[in-house]
Every structure is written in C-alpha cells, then in structure tokens.
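> Dropping in upload37.csv, with CSV, C-alpha atoms and all ligand atoms.
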chain,number,residue,atom,x,y,z
A,1,MET,CA,-6.3,2.3,-21.7
A,2,LYS,CA,-7.2,1.4,-18.2
A,3,THR,CA,-4.6,2.3,-15.6
A,4,SER,CA,-4.4,-1.3,-14.3
A,5,LEU,CA,-3.6,-2.6,-17.8
A,6,LYS,CA,-1.0,0.1,-18.3
A,7,ILE,CA,0.7,-0.9,-15.0
A,8,LEU,CA,0.9,-4.6,-16.1
A,9,GLU,CA,2.4,-3.6,-19.4
A,10,LYS,CA,4.9,-1.3,-17.9
A,11,TYR,CA,6.2,-4.0,-15.6
A,12,ASN,CA,6.0,-6.7,-18.3
A,13,LEU,CA,3.6,-8.8,-16.4
A,14,VAL,CA,1.2,-11.3,-18.0
A,15,LYS,CA,-2.3,-9.9,-18.0
A,16,THR,CA,-4.6,-12.1,-15.9
A,17,GLN,CA,-8.1,-11.2,-14.7
A,18,ALA,CA,-7.0,-11.5,-11.1
A,19,ARG,CA,-4.1,-9.1,-11.5
A,20,LEU,CA,-6.3,-6.6,-13.3
A,21,ASP,CA,-9.1,-6.9,-10.7
A,22,ILE,CA,-6.6,-6.4,-7.8
A,23,LEU,CA,-5.0,-3.4,-9.4
A,24,ASP,CA,-8.4,-1.9,-10.1
A,25,ILE,CA,-9.1,-1.9,-6.4
A,26,PHE,CA,-5.8,-0.1,-5.7
A,27,THR,CA,-6.2,2.5,-8.4
A,28,GLU,CA,-9.7,3.3,-7.1
A,29,LYS,CA,-8.8,3.6,-3.4
A,30,SER,CA,-6.0,5.8,-2.0
A,31,ALA,CA,-6.1,4.3,1.5
A,32,ALA,CA,-3.9,1.2,2.2
A,33,LEU,CA,-5.6,-2.2,1.9
A,34,SER,CA,-5.1,-5.4,3.7
A,35,GLU,CA,-5.3,-8.8,2.1
A,36,GLY,CA,-8.7,-9.4,3.8
A,37,GLU,CA,-10.0,-6.1,2.5
A,38,ILE,CA,-9.0,-7.0,-1.0
A,39,GLU,CA,-10.6,-10.4,-0.7
A,40,ASP,CA,-13.8,-8.7,0.4
A,41,SER,CA,-13.7,-6.2,-2.5
A,42,LEU,CA,-13.3,-9.0,-5.0
A,43,CYS,CA,-16.5,-10.7,-3.7
A,44,GLY,CA,-15.1,-14.2,-4.1
A,45,SER,CA,-13.9,-13.8,-7.7
A,46,CYS,CA,-10.4,-14.7,-6.6
A,47,ASP,CA,-9.1,-17.2,-4.1
A,48,ARG,CA,-7.0,-16.3,-1.1
A,49,ALA,CA,-3.8,-18.0,-2.5
A,50,THR,CA,-4.0,-16.0,-5.7
A,51,ILE,CA,-4.5,-12.8,-3.8
A,52,TYR,CA,-1.5,-13.6,-1.6
A,53,ARG,CA,0.7,-14.5,-4.6
A,54,THR,CA,-0.4,-11.4,-6.6
A,55,LEU,CA,0.3,-9.0,-3.7
A,56,ASN,CA,3.8,-10.6,-3.2
A,57,LEU,CA,4.5,-10.3,-6.9
A,58,PHE,CA,3.4,-6.7,-7.1
A,59,THR,CA,5.4,-5.8,-4.0
A,60,LEU,CA,8.5,-7.5,-5.4
A,61,LYS,CA,8.1,-5.7,-8.7
A,62,GLY,CA,7.7,-2.4,-6.9
A,63,ILE,CA,4.1,-1.8,-8.0
A,64,LEU,CA,2.8,-1.9,-4.5
A,65,HIS,CA,4.4,-0.9,-1.3
A,66,GLU,CA,3.9,-2.6,2.0
A,67,ILE,CA,3.1,-0.4,5.0
A,68,ALA,CA,4.2,-1.6,8.5
A,69,ASN,CA,2.1,-0.3,11.2
A,70,GLY,CA,3.3,-2.4,14.0
A,71,SER,CA,0.4,-4.9,13.8
A,72,THR,CA,0.5,-8.2,12.1
A,73,ILE,CA,-1.9,-7.2,9.4
A,74,ARG,CA,0.0,-6.0,6.4
A,75,LYS,CA,-1.4,-3.2,4.3
A,76,TYR,CA,-0.6,-2.2,0.8
A,77,THR,CA,-0.9,0.8,-1.5
A,78,LEU,CA,0.3,1.6,-5.0
A,79,LYS,CA,4.0,2.7,-4.7
A,80,LYS,CA,4.3,6.4,-4.2
A,81,LYS,CA,6.9,9.0,-4.8
A,82,PRO,CA,9.1,9.9,-2.9
A,83,GLU,CA,9.7,6.4,-1.8
A,84,ARG,CA,10.4,7.5,1.8
A,85,HIS,CA,7.3,9.2,3.2
A,86,LEU,CA,5.1,9.5,6.2
A,87,HIS,CA,2.1,7.4,6.9
A,88,PHE,CA,-1.0,8.4,8.9
A,89,GLU,CA,-3.1,5.8,10.6
A,90,CYS,CA,-6.5,6.7,12.0
A,91,ASN,CA,-7.2,5.3,15.4
A,92,LEU,CA,-11.0,5.4,14.8
A,93,CYS,CA,-11.5,4.0,11.3
A,94,GLY,CA,-8.1,2.3,10.9
A,95,GLU,CA,-7.4,3.7,7.5
A,96,ILE,CA,-3.7,4.3,6.6
A,97,VAL,CA,-2.8,6.9,4.0
A,98,CYS,CA,0.5,7.9,2.5
A,99,LEU,CA,1.5,11.5,3.2
A,100,THR,CA,3.9,12.1,0.3
A,101,GLY,CA,3.6,15.9,0.5
A,102,ILE,CA,5.4,16.3,3.8
A,103,SER,CA,9.1,16.2,3.8
A,104,LEU,CA,10.9,13.9,6.2
A,105,PRO,CA,13.7,15.1,8.5
A,106,ASP,CA,17.1,14.5,7.0
A,107,TYR,CA,18.8,12.3,9.5
A,108,ARG,CA,22.1,10.5,9.7
A,109,LEU,CA,22.6,7.3,11.7
A,110,PRO,CA,25.7,7.1,13.9
A,111,GLU,CA,28.7,5.6,12.3
A,112,GLY,CA,28.5,1.8,12.0
A,113,PHE,CA,24.7,1.7,11.9
A,114,THR,CA,23.1,0.6,8.6
A,115,GLU,CA,19.5,1.2,7.9
A,116,GLN,CA,17.5,-1.6,6.4
A,117,GLU,CA,14.0,-0.3,6.6
A,118,ALA,CA,12.3,2.7,8.2
A,119,HIS,CA,8.7,3.2,9.1
A,120,PHE,CA,7.3,6.7,9.6
A,121,LEU,CA,3.9,6.3,11.1
A,122,ILE,CA,1.7,9.0,12.7
A,123,LYS,CA,-1.4,7.8,14.6
A,124,GLY,CA,-4.4,10.0,15.2
A,125,ILE,CA,-7.8,10.9,13.9
A,126,CYS,CA,-8.3,11.4,10.2
A,127,LYS,CA,-10.3,14.2,8.7
A,128,ALA,CA,-13.4,12.1,7.8
A,129,CYS,CA,-13.6,10.8,11.4
A,130,TYR,CA,-13.0,14.2,12.9
A,131,GLU,CA,-15.7,15.8,10.9
A,132,ALA,CA,-18.2,13.0,11.4
B,1,ZN,ZN,-10.7,7.8,10.4
B,2,ZN,ZN,3.0,5.0,1.6
For this file, produce the structure as structure tokens.

Amino acid sequence: MKTSLKILEKYNLVKTQARLDILDIFTEKSAALSEGEIEDSLCGSCDRATIYRTLNLFTLKGILHEIANGSTIRKYTLKKKPERHLHFECNLCGEIVCLTGISLPDYRLPEGFTEQEAHFLIKGICKACYEA
C-alpha cells in the first residue's frame, strides 16, 4: 500500500484525492515545503483553499510539522522523531531540512519560565550548494 494511503488510515482521515496528492509530495521530498511550493507541485489539480485546509488539518493531527524560520513563509515536513530537533536552512537555495540525528543540548529554563515553543535553526550552505 502507498505510504500516503497508510498515513490517512493511521490517522483515521477520509481519503480524498487532494489529501493523497499532498501527502505524496511530502513522502517524496525530504526538504520542507511551503504552501506555494505544494501548489506548484500539484500543477493546479488542487485549489489554494484546499491546500491551506489540508495543511492545517495535517499539522493539527500531527502528520506534518511546521517549521518556523523567522520569515512569514511557513514550511512543512512530515513529522519526525524526536519531536525536538535542529533544522538547517540553506542561505543559497533556501531549503530547510530536519536534522534529527543531532542531539540537542539539554537545557533548563530559569524558574518561573514556561516554554511554549522552541525553534532550533541553523543557517548556512547546504551540501548540494557547497559542491555545486
Ligand atoms: Zn542549498
Ligand atoms: Zn523538522
């Protein structure tokens, strides 16, 4: 069975062509994708509102995770383990990848501080750009 179909079944979501098409893009590409990039990959088979709703649904369900890079363009990838991990953003091609193999420093916030979200982003030049 296709990975995308398995994911929808696992999360008890109704199988629609749009959901499958969007998941296909994520299962094929490891770099994070923005709404616009997904729209381009779908070649007009899906309207913007559907893409927007689907991305929100997938994020809410924990299928996708949203990566904050300090810009207003949100990017998404399939949720990775461990949930807290570093991200790398290339300054040349703009690709963002999850670096799940690197452990994060174990930190403790001062008393009285509550963490709500944390973004671990490293910016630089990716391997493909470096070798080009
Ligand atoms: Zn690059
Ligand atoms: Zn990630």
> Can I get the residues close to ligand ZN 2 (chain B) as a PyMOL selection string, where close means within 12 Å and we count all atoms listed in the file?
chain A and resi 30-33+63-69+75-89+96-102+118-122
> Which residues form the shell of 12 Å around ligand ZN 1 (chain B) when you count all atoms listed in the file, given as a list in words?
Ala31, Phe88, Glu89, Cys90, Asn91, Leu92, Cys93, Gly94, Glu95, Ile96, Val97, Lys123, Gly124, Ile125, Cys126, Lys127, Ala128, Cys129, Tyr130, Glu131 and Ala132 of chain A
> Kindly save the residues from that selection, with C-alpha atoms included, as a compact mmCIF listing (two decimals), keeping the file's coordinate frame.

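Ended up saving to result-v3.txt:
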# COMPACT_ATOMS: atom_id res chain seq x y z
CA ALA A 31 -6.10 4.30 1.50
CA PHE A 88 -1.00 8.40 8.90
CA GLU A 89 -3.10 5.80 10.60
CA CYS A 90 -6.50 6.70 12.00
CA ASN A 91 -7.20 5.30 15.40
CA LEU A 92 -11.00 5.40 14.80
CA CYS A 93 -11.50 4.00 11.30
CA GLY A 94 -8.10 2.30 10.90
CA GLU A 95 -7.40 3.70 7.50
CA ILE A 96 -3.70 4.30 6.60
CA VAL A 97 -2.80 6.90 4.00
CA LYS A 123 -1.40 7.80 14.60
CA GLY A 124 -4.40 10.00 15.20
CA ILE A 125 -7.80 10.90 13.90
CA CYS A 126 -8.30 11.40 10.20
CA LYS A 127 -10.30 14.20 8.70
CA ALA A 128 -13.40 12.10 7.80
CA CYS A 129 -13.60 10.80 11.40
CA TYR A 130 -13.00 14.20 12.90
CA GLU A 131 -15.70 15.80 10.90
CA ALA A 132 -18.20 13.00 11.40
> Do you know which residues are at most 9 Å from range 37-49 of chain A counting all atoms listed in the file, after dropping those on the same chain fewer than 5 positions away, and could you put them as a list in words?
Ala18, Asp21, Ile22, Ile25, Phe26 and Thr54 of chain A
> Just to confirm, what's the straight-line distance from CA of Thr50 in chain A to CA of Ser4 in chain A in Å (one decimal)?
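Separation between CA of Thr50 in chain A and CA of Ser4 in chain A: 17.0 Å.
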> For the atom pair CA of Arg53 in chain A and CA of Lys15 in chain A, what is the interatomic distance in Å to one decimal place?
14.5 Å
> Between CA of Arg74 in chain A and CA of Glu115 in chain A, what is the distance, to one decimal in Å?
20.8 Å
> Smallest atom-to-atom distance to Tyr52 in chain A: which of A:Arg19, A:Lys29, A:Lys2, A:Lys10, using all atoms listed in the file?
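Closest to Tyr52 in chain A of all the choices is A:Arg19.
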> Tell me which of A:Asp106, A:Gly70, A:Gln116, A:Lys6 sits closest to Leu23 in chain A, counting all atoms listed in the file.
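Ranked by minimum distance to Leu23 in chain A, first place goes to A:Lys6.
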> Between A:Ser34, A:Ser71, A:Thr27, A:Thr59, which residue has the minimum interatomic distance to Thr3 in chain A, considering all atoms listed in the file?
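The answer is A:Thr27, which sits nearest to Thr3 in chain A.
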